Amino acid sequence: MNEENTDGTNGCSKVRTGTQNEAALLALMEKTGYNMVQENGQRKFGGPPPGWEGPPPPRGCEVFVGKIPRDMYEDELVPVFERAGKIYEFRLMMEFSGENRGYAFVMYTTKEEAQLAIRILNNYEIRPGKFIGVCVSLDNCRLFIGAIPKEKKKEEILDEMKKVTEGVVDVIVYPSATDKTKNRGFAFVEYESHRAAAMARRKLIPGTFQLWGHTIQVDWADPEKEVDEETMQRVKVLYVRNLMISTTEETIKAEFSKFKPGAVERVKKLRDYAFVHFFHREDAVAAMSVMNGKCIDGASIEVTLAKPVNKENTWRQHLNGQISPNSENLLVYANKEESHSKSLGKPPTLPTRLNGQHSPSPPEIERCTYPFFPGTKLTPISMYSLKSNHFNSAVMHLDYYCNKNNWAPPEYYLYSTTSQDGKVLLVYKIVIPAIANGSQSYFMPDKLCTTLEDAKELAAQFTLLHLDREHSLFSLDLCRRIWRK
């Protein structure tokens with residue numbers, strides 16, 4: 001440890017020597033009976049705690065703590081976090097210098113304790129003027145594997161991943177929307193632990209690793225936001241996947257109404273999945289049991305409860321530039337397939353005045369240039385192989401969105417009118433050919449612009465937001481990763 005560190009207990013700012021640090025930590029260990037070990041850049045307190053029997057707590061019991069003062073240690077932090085419940089393990093990330101790295105992970109023995117810690121300790125003033133951040137942490141055991149040959153079956157992918165990596169538990173493979181005998185070109189691989197997944201990622205990530213002669217893409221899966229049990233108990237909407245593209249909403253409604261005529265309120269389908277809304281929850285639960293695994297138009301369907309989200313709060317967050325419009329938070333109902341989707345990134349709101357009002361603007365995206373030296377090797381690529389953070393335009397995002405859904409490009413139709421002061425005002429109508437025959441034949445914003453670029457950008461932005469809000473989707477082809485780290 002450092003020779004000197006400040007001790008901020010009770011707001012004091014006195015110097016604490018390395019010996020005093022050690023004494024304080026030893027006193028904590030003696031008081032609690034927990035062990036403490038430092039390894040791989042982190043110091044682990046507990047894990048398990050004294051007297052613990054059985055497996056570790058389940059996923060969802062750990063919280064992430066950020067903005068910790070660099071000279072604050074377990075003897076100060078542990079008592080604060082014990083207020084929420086029994087700590088299973090406290091992991092403080094450490095620098096070689098002996099200071100902490102400003103963040104930690106706290107695992108409680110139950111999910112309820114973790115949720116309580118978030119409620120009472122997020123934005124907690126840990127020292128005068130120093131506020132910590134606390135949020136849920138999910139120990140990621142899942143990798144996204146892309147560029148897999150589409151003819152490969154789940155069993156083949158599972159066997160191959162077991163050959164090249166250790167600790168594989170399962171693989172998740174989704175069938176193509178247009179050909180149920182093929183996969184969608186990617187899979188999710190579940191490992192027995194975060195460490196096993198991390199080791200596999202380290203082995204596969206360089207980009208030179210090949211499966212079946214194909215260079216694969218590897219990354220962590222993105223987190224799937226959990227919905228609390230109380231909210232799920234009120235859900236009366238089912239998510240149905242693996243449908244045939246040709247299957248109609250009328251057919252789905254008829255099939256789900258067979259067990260109880262009149263139980264289905266409405267059906268919303270797009271591509272190869274749908275949301276079935278029921279009047280009563282008990283009918284939705286009963287239909288899920290009856291219909292899961294059944295065949296409709298020759299396709300074996302999967303049926304689960306849809307995941308509701310707080311649309312009002314997340315829509316407000318979007319307008320404040322805090323989340324991307326295609327985040328699963330924005331979906332009226334997020335389902336297993338769509339919540340796997342990798343965010344396209346938020347299309348920027350226009351920093352121009354629209355009808356006399358400033359449109360909200362998200363934080364500035366970092367943009368810079370680098371010198372192009374003679375002899376620099378260039379490789380031809382497609383824009384669709386890039387990641388979402390390479391795009392800063394809603395027009396580009398919409399084109400990317402359509403491509404990933406295997407749709408034809410959006411069609412733009414320009415219209416104009418004249419303002420009272422004689423200005424030419426412009427607006428674009430956008431048609432998505434793949435869904436033009438549905439309930440929404442076109443998309444057109446309710447604001448006019450004075451420049452062509454702004455009109456096109458606003459129309460694309462409006463279309464992306466409307467697709468999210470109305471259709472509660474983000475295509476599985478946009479999937480990139482579920483769960484974290």
# chains A, B, ... in the order shown; residues from 1 in each chain; ligands from 1
call {"tool": "residues_around", "arguments": {"residues": "Arg271 (chain A)", "least_positions_apart": "3", "cutoff": "8 Å", "atoms": "only C-alpha atoms", "output": "PyMOL selection string"}}
result
chain A and resi 177+243-245
call {"tool": "write_last_selection", "arguments": {"atoms": "N, CA, C and O atoms", "output": "PDB file, in the first residue's frame"}}
result
ATOM      1  N   ALA A 177     -35.316 -15.995 -40.541  1.00  0.00           N
ATOM      2  CA  ALA A 177     -36.713 -15.603 -40.723  1.00  0.00           C
ATOM      3  C   ALA A 177     -37.290 -16.146 -42.018  1.00  0.00           C
ATOM      4  O   ALA A 177     -38.482 -16.421 -42.109  1.00  0.00           O
ATOM      5  N   LEU A 243     -42.228 -17.677 -36.089  1.00  0.00           N
ATOM      6  CA  LEU A 243     -43.359 -17.766 -37.005  1.00  0.00           C
ATOM      7  C   LEU A 243     -42.881 -17.715 -38.448  1.00  0.00           C
ATOM      8  O   LEU A 243     -41.795 -17.222 -38.742  1.00  0.00           O
ATOM      9  N   MET A 244     -43.690 -18.198 -39.352  1.00  0.00           N
ATOM     10  CA  MET A 244     -43.427 -18.022 -40.769  1.00  0.00           C
ATOM     11  C   MET A 244     -43.738 -16.573 -41.147  1.00  0.00           C
ATOM     12  O   MET A 244     -44.665 -15.958 -40.611  1.00  0.00           O
ATOM     13  N   ILE A 245     -42.965 -16.019 -42.046  1.00  0.00           N
ATOM     14  CA  ILE A 245     -43.205 -14.643 -42.475  1.00  0.00           C
ATOM     15  C   ILE A 245     -44.589 -14.515 -43.110  1.00  0.00           C
ATOM     16  O   ILE A 245     -45.249 -13.488 -42.984  1.00  0.00           O
TER      17      ILE A 245
END
call {"tool": "residues_around", "arguments": {"residues": "Arg59 (chain A)", "least_positions_apart": "5", "cutoff": "10 Å", "atoms": "only C-alpha atoms", "output": "compact mmCIF listing (two decimals) with C-alpha atoms, in the first residue's frame"}}
result
# COMPACT_ATOMS: atom_id res chain seq x y z
CA MET A 107 -22.41 -9.21 -3.85
CA THR A 110 -30.22 -12.12 -1.88
CA LYS A 111 -31.56 -10.07 -4.77
CA SER A 137 -24.21 -5.73 -11.90
CA LEU A 138 -24.68 -8.90 -13.90
CA ASP A 139 -21.87 -11.42 -13.99
CA ASN A 140 -21.63 -12.12 -17.70
call {"tool": "residues_around", "arguments": {"residues": "region 192-201 of chain A", "least_positions_apart": "6", "cutoff": "12 Å", "atoms": "only C-alpha atoms", "output": "ChimeraX atom specification"}}
result
/A:56,58-59,138-145,161-171,207,209,216-221,483-485
call {"tool": "residues_around", "arguments": {"residues": "region 74-81 of chain A", "least_positions_apart": "3", "cutoff": "6 Å", "atoms": "only C-alpha atoms", "output": "JSON list (two decimals) with C-alpha atoms, in the first residue's frame"}}
result
[["chain", "number", "residue", "atom", "x", "y", "z"],
["A", 25, "LEU", "CA", -8.20, -3.72, 7.51],
["A", 28, "LEU", "CA", -12.27, -5.21, 10.04],
["A", 84, "ALA", "CA", -28.53, -2.99, 2.98]]
call {"tool": "residues_around", "arguments": {"residues": "Tyr34 (chain A)", "least_positions_apart": "4", "cutoff": "8 Å", "atoms": "only C-alpha atoms", "output": "list in words"}}
result
Met29, Glu30, Phe45, Gly46, Pro49 and Pro50 of chain A
call {"tool": "write_last_selection", "arguments": {"atoms": "N, CA and C atoms", "output": "PDB file, in the first residue's frame"}}
result
ATOM      1  N   MET A  29     -11.312  -7.397   9.523  1.00  0.00           N
ATOM      2  CA  MET A  29     -11.329  -8.855   9.373  1.00  0.00           C
ATOM      3  C   MET A  29     -11.597  -9.545  10.695  1.00  0.00           C
ATOM      4  N   GLU A  30     -10.986  -9.047  11.760  1.00  0.00           N
ATOM      5  CA  GLU A  30     -11.204  -9.651  13.075  1.00  0.00           C
ATOM      6  C   GLU A  30     -12.645  -9.452  13.534  1.00  0.00           C
ATOM      7  N   PHE A  45     -12.949  -9.323  -0.347  1.00  0.00           N
ATOM      8  CA  PHE A  45     -13.336  -9.427   1.050  1.00  0.00           C
ATOM      9  C   PHE A  45     -14.502 -10.400   1.125  1.00  0.00           C
ATOM     10  N   GLY A  46     -14.271 -11.580   1.738  1.00  0.00           N
ATOM     11  CA  GLY A  46     -15.328 -12.592   1.771  1.00  0.00           C
ATOM     12  C   GLY A  46     -15.315 -13.449   0.532  1.00  0.00           C
ATOM     13  N   PRO A  49     -18.631 -15.692   2.824  1.00  0.00           N
ATOM     14  CA  PRO A  49     -18.482 -15.195   4.195  1.00  0.00           C
ATOM     15  C   PRO A  49     -18.331 -16.366   5.158  1.00  0.00           C
ATOM     16  N   PRO A  50     -17.904 -16.129   6.379  1.00  0.00           N
ATOM     17  CA  PRO A  50     -17.734 -17.227   7.333  1.00  0.00           C
ATOM     18  C   PRO A  50     -19.046 -17.965   7.589  1.00  0.00           C
TER      19      PRO A  50
END
